[in-house]
Structure formats: C-alpha cells, structure tokens
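Enquirer: What follows is the file my_file.cif, containing mmCIF, C-alpha atoms:
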data_final
loop_
_atom_site.label_atom_id
_atom_site.label_comp_id
_atom_site.auth_asym_id
_atom_site.auth_seq_id
_atom_site.Cartn_x
_atom_site.Cartn_y
_atom_site.Cartn_z
CA ASN G 147 135.10 22.08 -52.75
CA LYS G 148 134.31 20.58 -49.34
CA ILE G 149 136.61 22.01 -46.66
CA ALA G 150 135.16 20.29 -43.58
CA ASP G 151 132.85 17.45 -42.58
CA ILE G 152 131.19 18.11 -39.21
CA GLU G 153 128.25 16.23 -37.74
CA LEU G 154 125.58 18.62 -36.45
CA THR G 155 122.75 17.87 -34.04
CA ASN G 156 120.99 21.25 -33.95
CA TRP G 157 118.80 23.12 -36.40
CA GLY G 158 121.25 25.33 -38.29
CA ASN G 159 120.56 28.92 -39.29
CA ASP G 160 123.61 30.20 -41.10
CA LEU G 161 127.34 30.13 -41.77
CA ILE G 162 129.06 33.48 -41.20
CA VAL G 163 132.56 34.50 -42.30
CA SER G 164 133.83 37.19 -39.95
CA GLU G 165 136.00 40.21 -40.72
CA ASP G 166 139.17 38.29 -39.71
CA GLY G 167 138.23 35.21 -41.78
CA THR G 168 136.88 33.07 -38.92
CA VAL G 169 133.87 30.96 -39.90
CA TYR G 170 130.96 30.89 -37.44
CA TYR G 171 127.98 28.58 -37.36
CA SER G 172 124.66 29.75 -35.91
CA TYR G 173 121.89 27.43 -34.76
CA MET G 174 118.70 27.46 -32.70
CA ASP G 175 119.03 26.12 -29.18
CA ASP G 176 116.19 23.62 -28.71
CA VAL G 177 115.86 24.51 -24.99
CA ASP G 178 115.35 28.29 -24.91
CA TRP G 179 115.17 28.84 -28.71
CA ALA G 180 118.01 31.35 -28.72
CA GLN G 181 120.38 31.78 -31.66
CA VAL G 182 123.78 30.40 -30.63
CA PHE G 183 127.01 31.38 -32.42
CA VAL G 184 130.05 29.08 -32.43
CA PRO G 185 133.34 29.20 -34.39
CA VAL G 186 134.07 26.42 -36.86
CA ASP G 187 137.44 24.69 -36.57
CA VAL G 188 137.87 23.64 -40.20
CA LYS G 189 141.18 21.82 -39.70
CA ALA G 190 139.94 19.79 -36.72
CA ASN G 191 136.49 19.17 -38.26
CA LYS G 192 134.64 20.36 -35.15
CA LEU G 193 132.79 23.27 -33.63
CA GLY G 194 134.40 25.47 -31.00
CA GLU G 195 132.94 26.96 -27.83
CA SER G 196 129.99 29.33 -28.13
CA ILE G 197 130.86 33.04 -28.20
CA GLY G 198 127.31 33.94 -27.15
CA SER G 199 123.63 33.72 -27.96
CA LEU G 200 120.83 36.04 -28.95
CA ASN G 201 117.20 35.73 -27.85
CA SER G 202 115.60 37.13 -30.97
CA TYR G 203 113.65 35.69 -33.87
CA ASN G 204 114.05 38.93 -35.78
CA ALA G 205 117.75 38.82 -36.61
CA ASN G 206 118.71 38.42 -40.25
CA ASN G 207 121.86 38.62 -42.37
CA CYS G 208 124.15 38.45 -39.34
CA LEU G 209 127.82 39.48 -39.44
CA ILE G 210 130.56 39.14 -36.85
CA ASP G 211 133.45 41.60 -36.88
CA ALA G 212 137.03 41.09 -35.70
CA ASN G 213 136.00 42.07 -32.15
CA GLN G 214 133.23 39.43 -32.09
CA LEU G 215 130.59 42.16 -32.25
CA LEU G 216 127.43 40.89 -33.93
CA TRP G 217 125.93 43.02 -36.70
CA MET G 218 122.42 42.16 -37.86
CA ASN G 219 119.57 43.45 -39.93
CA GLN G 220 116.29 43.83 -38.03
CA GLU G 221 113.58 44.89 -40.46
CA ASN G 222 114.72 48.42 -41.34
CA SER G 223 117.45 48.83 -38.74
CA LEU G 224 121.14 47.90 -38.78
CA VAL G 225 121.88 46.82 -35.22
CA THR G 226 124.94 45.67 -33.29
CA TYR G 227 124.86 43.27 -30.34
CA ASN G 228 127.60 42.79 -27.75
CA PHE G 229 127.63 39.20 -26.47
CA SER G 230 129.50 40.16 -23.29
CA THR G 231 127.31 43.06 -22.17
CA GLU G 232 124.11 41.92 -23.98
CA GLU G 233 123.82 45.51 -25.21
CA LYS G 234 122.00 46.16 -28.47
CA THR G 235 122.69 49.40 -30.39
CA GLU G 236 120.93 50.73 -33.48
CA ILE G 237 123.55 51.98 -35.93
CA LEU G 238 121.19 53.35 -38.57
CA ASN G 239 117.75 53.10 -40.10
CA TRP G 240 117.99 51.88 -43.69
CA LEU G 241 115.02 54.01 -44.77
CA ASP G 242 116.99 57.18 -43.96
CA TYR G 243 119.33 56.14 -46.79
CA ASN G 244 116.60 55.16 -49.27
CA VAL G 245 117.15 51.46 -48.69
CA ASN G 246 114.34 49.02 -47.93
CA GLY G 247 115.83 46.94 -45.13
CA GLU G 248 113.35 44.15 -45.80
CA SER G 249 114.81 43.74 -49.30
CA ILE G 250 118.33 43.02 -48.00
CA SER G 251 119.17 39.39 -48.74
CA ALA G 252 122.84 39.39 -47.68
CA MET G 253 125.45 41.53 -45.92
CA GLY G 254 129.21 41.36 -45.71
CA ILE G 255 132.29 43.13 -44.34
CA LEU G 256 134.88 44.34 -46.85
CA SER G 257 138.62 44.20 -46.22
CA ASP G 258 138.62 47.91 -45.26
CA GLY G 259 135.89 47.34 -42.65
CA LYS G 260 133.02 48.81 -44.67
CA ILE G 261 129.63 47.11 -44.53
CA VAL G 262 128.10 46.06 -47.86
CA ALA G 263 124.46 45.01 -48.35
CA TYR G 264 122.88 43.21 -51.31
CA THR G 265 119.27 44.16 -52.02
CA THR G 266 116.57 42.76 -54.28
CA ASP G 267 113.45 44.79 -55.08
CA TYR G 268 110.59 43.48 -57.18
CA GLY G 269 108.54 45.94 -59.23
CA GLN G 270 106.41 46.05 -62.34
CA ASP G 271 109.53 45.92 -64.50
CA GLY G 272 110.95 42.87 -62.72
CA ALA G 273 113.68 42.47 -60.14
CA VAL G 274 116.19 45.24 -59.40
CA TYR G 275 119.46 44.30 -57.67
CA GLU G 276 121.69 46.78 -55.84
CA LEU G 277 124.88 46.75 -53.80
CA VAL G 278 124.88 49.27 -50.96
CA ILE G 279 128.19 50.23 -49.31
CA LEU G 280 128.12 52.08 -45.99
CA GLU G 281 130.71 54.81 -45.54
CA GLU G 282 131.13 57.04 -42.47
CA THR G 283 130.56 60.72 -43.17
CA ASP G 284 129.88 63.93 -41.24
CA GLU G 285 127.72 65.34 -44.05
CA PRO G 286 123.93 65.54 -43.55
CA LEU G 287 121.66 63.12 -45.42
CA ASP G 288 120.16 65.87 -47.58
CA ASP G 289 118.45 69.27 -47.31
CA LYS G 290 114.94 68.00 -48.06
CA GLN G 291 111.97 68.94 -45.91
CA VAL G 292 111.20 66.03 -43.56
CA ILE G 293 107.71 64.53 -43.29
CA THR G 294 107.39 62.21 -40.29
CA TYR G 295 105.41 58.98 -40.49
CA ALA G 296 104.63 57.12 -37.24
CA THR G 297 103.72 53.44 -37.23
CA PHE G 298 103.64 50.36 -35.03
CA GLY G 299 105.42 47.78 -37.14
CA THR G 300 106.21 48.09 -40.83
CA ASP G 301 104.27 47.04 -43.90
CA SER G 302 106.31 45.88 -46.91
CA GLU G 303 104.17 47.69 -49.50
CA ILE G 304 104.18 50.96 -47.55
CA THR G 305 107.92 50.65 -46.97
CA GLU G 306 108.56 50.17 -50.70
CA ALA G 307 106.35 53.16 -51.49
CA ILE G 308 108.27 55.35 -49.01
CA VAL G 309 111.63 54.36 -50.51
CA ARG G 310 110.38 55.14 -54.03
CA PHE G 311 109.00 58.51 -52.87
CA ASN G 312 112.24 59.49 -51.12
CA LYS G 313 114.32 58.55 -54.15
CA ASN G 314 112.14 60.51 -56.59
CA SER G 315 111.25 63.61 -54.56
CA ASP G 316 113.57 66.60 -54.79
CA LYS G 317 111.81 68.51 -52.02
CA TYR G 318 110.51 66.09 -49.38
CA ARG G 319 111.75 63.04 -47.49
CA ILE G 320 109.59 60.78 -45.34
CA LYS G 321 111.16 59.72 -42.05
CA VAL G 322 109.65 56.61 -40.47
CA ILE G 323 109.22 56.46 -36.68
CA ASP G 324 108.48 52.85 -35.76
CA TYR G 325 107.39 52.33 -32.15
CA TYR G 326 107.38 48.52 -32.37
CA ASP G 327 109.79 46.72 -30.03
CA GLU G 328 109.76 42.92 -30.21
CA GLU G 329 111.45 42.65 -26.81
CA ASP G 330 108.78 44.70 -25.04
CA TYR G 331 105.64 44.56 -27.15
CA GLU G 332 103.18 45.79 -24.51
CA THR G 333 105.21 48.80 -23.40
CA SER G 334 105.95 49.91 -26.97
CA PHE G 335 102.32 49.41 -28.01
CA ASN G 336 101.08 51.51 -25.09
CA ALA G 337 103.67 54.20 -25.85
CA TYR G 338 102.41 54.40 -29.43
CA ASN G 339 98.79 54.79 -28.34
CA GLU G 340 99.73 57.42 -25.75
CA ALA G 341 101.72 59.36 -28.34
CA ILE G 342 98.65 59.41 -30.59
CA LEU G 343 96.54 60.79 -27.72
CA ASN G 344 99.14 63.51 -27.06
CA GLY G 345 98.58 64.79 -30.59
CA ASP G 346 102.15 65.63 -31.60
CA ILE G 347 103.34 62.18 -32.68
CA ALA G 348 104.02 62.81 -36.40
CA ASP G 349 102.75 64.39 -39.60
CA ILE G 350 101.26 61.06 -40.76
CA ILE G 351 100.02 58.32 -38.42
CA ASN G 352 99.34 54.67 -39.23
CA VAL G 353 96.52 53.67 -36.88
CA ASP G 354 95.93 50.29 -38.50
CA ALA G 355 97.57 48.34 -35.63
CA THR G 356 96.21 50.42 -32.75
CA GLN G 357 93.10 50.49 -30.63
CA TYR G 358 92.06 53.63 -32.56
CA LYS G 359 91.70 51.75 -35.84
CA SER G 360 87.97 52.52 -36.10
CA MET G 361 88.34 56.27 -35.51
#
Can the structure from this file be put into structure tokens for me?
Expert:
Amino acid sequence: NKIADIELTNWGNDLIVSEDGTVYYSYMDDVDWAQVFVPVDVKANKLGESIGSLNSYNANNCLIDANQLLWMNQENSLVTYNFSTEEKTEILNWLDYNVNGESISAMGILSDGKIVAYTTDYGQDGAVYELVILEETDEPLDDKQVITYATFGTDSEITEAIVRFNKNSDKYRIKVIDYYDEEDYETSFNAYNEAILNGDIADIINVDATQYKSM
C-alpha cells in the first residue's frame, strides 16, 4: 500500500528504515556527487532536513541506527560513518567470518540491535542464500593457522575461492590484507609497492595491480 506521495527532483539511491523506525531517503547531489541522507516525513508527504552526506561511490546496503550513525558495506568491510565528525571506522572484515562481502545484497537492524545481512552466492549448483547475524563475542574466531594474503583491491573470483577454502579447511584460514583505499588511491598504492619491496608483506602476494606485475 502507498503510504506517501512525495515529488523528488534528485537521482534517488535508496530508502532506509532506521533502528527507531524512521525512514530515510538517500540521493546523489548533482553538484558534488555526494550521497545525501534525509528523513522522510510520511504524514506531511515531504522530505526533512539532511542529516549529512557521504563523499563515496563505494557505499552499499546502508543502515542508520537510532543515533543516526551510518552503517555501510564497502566491498568486504562493514564500516560506520559519523555525519557530525566525518569519522569512518571499520567494524569488521567480512572475510574473517567466512562471508563474501560482495555477495551481500541487503542488511538490516533487528529489534535487539543486531545486524543481519542477506547474501547470495552463485556456484555450479545454482544460487545459495544465507542470513548472517552479527553477535558480539569475546571468543576468538578459531584456532586455525593463519595464511596472510596481500592485495591491492579485491577480485570477486579470488574472494569466493578464499571463502570456500576457509569454510572447508580444518587447519588453515586465509586472512586478506587489502591495501586499497578509495579516498587516497596514490598513497595506498605506493604503500603496497613499498611493502612488497620490504619483503615481509604477507605469505601470498597479489602483484597483478602493481608495478611489479611483470616480475
């Protein structure tokens, strides 16, 4: 059933229902191309004042909690963003929990505050759907031996292979160290190359995106 009829003039991204039930509308600002988040006043059929914006193209499946803290999925990281301080904080890396972050198609906040993610993976046997619920715990991930894999940016096929390996291996777990930073590409790219030269970057190195590709 239609609950509101609001005329929009911007390119819309998403409708987000927050933890306290407030509906937010996100759209791309056609001046600086930032994602802007505004509450929807359903009863008055209008949009409210912006609570903030985010200068990022790589923000998917956004959530807003009761404190107006933005939660978003960035490739394989669950990240929070504070509109007031403009501070971004990585909460976790999905790969550490055997979840391919690129396969997450939706996220939500349950009534008890837990984050739930809906994933879709496509394999030889067809699509596999999972619901992942995040719970806070002091227990370690597992007691497997860690193999580190350094890369500059992620590849979907490699990511899927790592998740499958971590799920099936009883002895080893691959930990991904991704140097890519969309907000400071040059600095992160140089840091990756320098780490390779230092020789102690990781057990496995993906040189496909570096200046050492031909070595």
Enquirer: Pull the closest atom pair for each residue of segment 232-307 of chain G that gets at most 12 Å from segment 147-163 of chain G, along with the distance in Å to one decimal, counting all atoms listed in the file, ordering rows by chain and then ascending residue number, as a tab-separated table.
Expert:
residue	atom	partner	partner_atom	distance
G:Ala252	CA	G:Ile162	CA	10.8
G:Met253	CA	G:Ile162	CA	10.0
G:Gly254	CA	G:Val163	CA	8.4
G:Ile255	CA	G:Val163	CA	8.9
G:Leu256	CA	G:Val163	CA	11.1
Enquirer: For this file, the PyMOL selection byres ((chain G and resi 327) around 12) selects which residues, as a PDB file with C-alpha atoms, in the frame of the given file?
Expert:
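Final file, result.pdb:
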ATOM      1  CA  SER G 202     115.600  37.130 -30.970  1.00  0.00           C
ATOM      2  CA  ASN G 204     114.050  38.930 -35.780  1.00  0.00           C
ATOM      3  CA  GLN G 220     116.290  43.830 -38.030  1.00  0.00           C
ATOM      4  CA  GLU G 221     113.580  44.890 -40.460  1.00  0.00           C
ATOM      5  CA  SER G 223     117.450  48.830 -38.740  1.00  0.00           C
ATOM      6  CA  THR G 297     103.720  53.440 -37.230  1.00  0.00           C
ATOM      7  CA  PHE G 298     103.640  50.360 -35.030  1.00  0.00           C
ATOM      8  CA  GLY G 299     105.420  47.780 -37.140  1.00  0.00           C
ATOM      9  CA  THR G 300     106.210  48.090 -40.830  1.00  0.00           C
ATOM     10  CA  ILE G 323     109.220  56.460 -36.680  1.00  0.00           C
ATOM     11  CA  ASP G 324     108.480  52.850 -35.760  1.00  0.00           C
ATOM     12  CA  TYR G 325     107.390  52.330 -32.150  1.00  0.00           C
ATOM     13  CA  TYR G 326     107.380  48.520 -32.370  1.00  0.00           C
ATOM     14  CA  GLU G 328     109.760  42.920 -30.210  1.00  0.00           C
ATOM     15  CA  GLU G 329     111.450  42.650 -26.810  1.00  0.00           C
ATOM     16  CA  ASP G 330     108.780  44.700 -25.040  1.00  0.00           C
ATOM     17  CA  TYR G 331     105.640  44.560 -27.150  1.00  0.00           C
ATOM     18  CA  GLU G 332     103.180  45.790 -24.510  1.00  0.00           C
ATOM     19  CA  THR G 333     105.210  48.800 -23.400  1.00  0.00           C
ATOM     20  CA  SER G 334     105.950  49.910 -26.970  1.00  0.00           C
ATOM     21  CA  PHE G 335     102.320  49.410 -28.010  1.00  0.00           C
ATOM     22  CA  ASN G 336     101.080  51.510 -25.090  1.00  0.00           C
ATOM     23  CA  ALA G 337     103.670  54.200 -25.850  1.00  0.00           C
ATOM     24  CA  TYR G 338     102.410  54.400 -29.430  1.00  0.00           C
TER      25      TYR G 338
END
Enquirer: For atom CA of Lys260 of chain G and atom CA of Lys321 of chain G, quote the distance in Å rounded to one decimal.
Expert: 24.6 Å
Enquirer: Using all atoms listed in the file, determine which residues lie at most 6 Å from segment 174-184 of chain G, disregarding the query and same-chain residues fewer than 6 positions distant; provide the list as a VMD selection string.
Expert: chain G and resid 157 194 to 201
Enquirer: Measure the distance from atom CA of Lys234 of chain G to atom CA of Tyr264 of chain G in Å and round it to one decimal.
Expert: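 Spanning atom CA of Lys234 of chain G to atom CA of Tyr264 of chain G is a straight-line distance of 23.0 Å.
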Enquirer: Quick one: distance from atom CA of Asp258 of chain G to atom CA of Glu165 of chain G in Å, one decimal?
Expert: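 That distance, rounded to one decimal, is 9.3 Å.
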Enquirer: Return as a ChimeraX atom specification the set of residues that the PyMOL selection byres ((chain G and resi 212) around 8) yields on the displayed structure.
Expert: /G:164-166,210-211,213-215
Enquirer: Could you pull the residues within 6 Å of segment 280-296 of chain G, counting all atoms listed in the file, minus those fewer than 4 positions along the same chain, as a PDB file with C-alpha atoms, keeping the file's coordinate frame?
Expert:
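This went into out08.pdb:
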ATOM      1  CA  ILE G 261     129.630  47.110 -44.530  1.00  0.00           C
ATOM      2  CA  LYS G 317     111.810  68.510 -52.020  1.00  0.00           C
ATOM      3  CA  TYR G 318     110.510  66.090 -49.380  1.00  0.00           C
ATOM      4  CA  ARG G 319     111.750  63.040 -47.490  1.00  0.00           C
ATOM      5  CA  ILE G 320     109.590  60.780 -45.340  1.00  0.00           C
ATOM      6  CA  LYS G 321     111.160  59.720 -42.050  1.00  0.00           C
ATOM      7  CA  VAL G 322     109.650  56.610 -40.470  1.00  0.00           C
ATOM      8  CA  ILE G 323     109.220  56.460 -36.680  1.00  0.00           C
ATOM      9  CA  ASP G 324     108.480  52.850 -35.760  1.00  0.00           C
ATOM     10  CA  ALA G 348     104.020  62.810 -36.400  1.00  0.00           C
ATOM     11  CA  ASP G 349     102.750  64.390 -39.600  1.00  0.00           C
ATOM     12  CA  ILE G 350     101.260  61.060 -40.760  1.00  0.00           C
ATOM     13  CA  ILE G 351     100.020  58.320 -38.420  1.00  0.00           C
TER      14      ILE G 351
END
Enquirer: Nearest to Asn244 of chain G among G:Asp301, G:Glu306, G:Asp271, G:Glu232, with distances taken over only C-alpha atoms: which residue is it?
Expert: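 When distances to Asn244 of chain G are compared using only C-alpha atoms, the smallest one comes from G:Glu306.
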Enquirer: Would you kindly identify which residues have an atom no farther than 6 Å from (130.8, 28.3, -38.1), using only C-alpha atoms and the file's own coordinates, and write them out as a VMD selection string?
Expert: chain G and resid 161 169 to 171 184 to 186
Enquirer: Restricting the calculation to all atoms listed in the file: of G:Asp346, G:Glu340, G:Glu303, G:Glu248, which residue gets closest to Leu224 of chain G?
Expert: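 When distances to Leu224 of chain G are compared using all atoms listed in the file, the smallest one comes from G:Glu248.
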Enquirer: If you apply the PyMOL selection byres ((chain G and resi 267) around 12) to this file, what residues do you get, as a ChimeraX atom specification?
Expert: /G:245-251,264-266,268-277,302-303,305-307,309-310
Enquirer: Give, as JSON, the centre coordinates and the x, y and z edge lengths in Å to one decimal for an axis-aligned box around all listed atoms of segment 343-349 of chain G, padded by 6 Å on each side.
Expert:
{"center_x": 100.3, "center_y": 63.2, "center_z": -33.3, "size_x": 19.5, "size_y": 16.8, "size_z": 24.5}
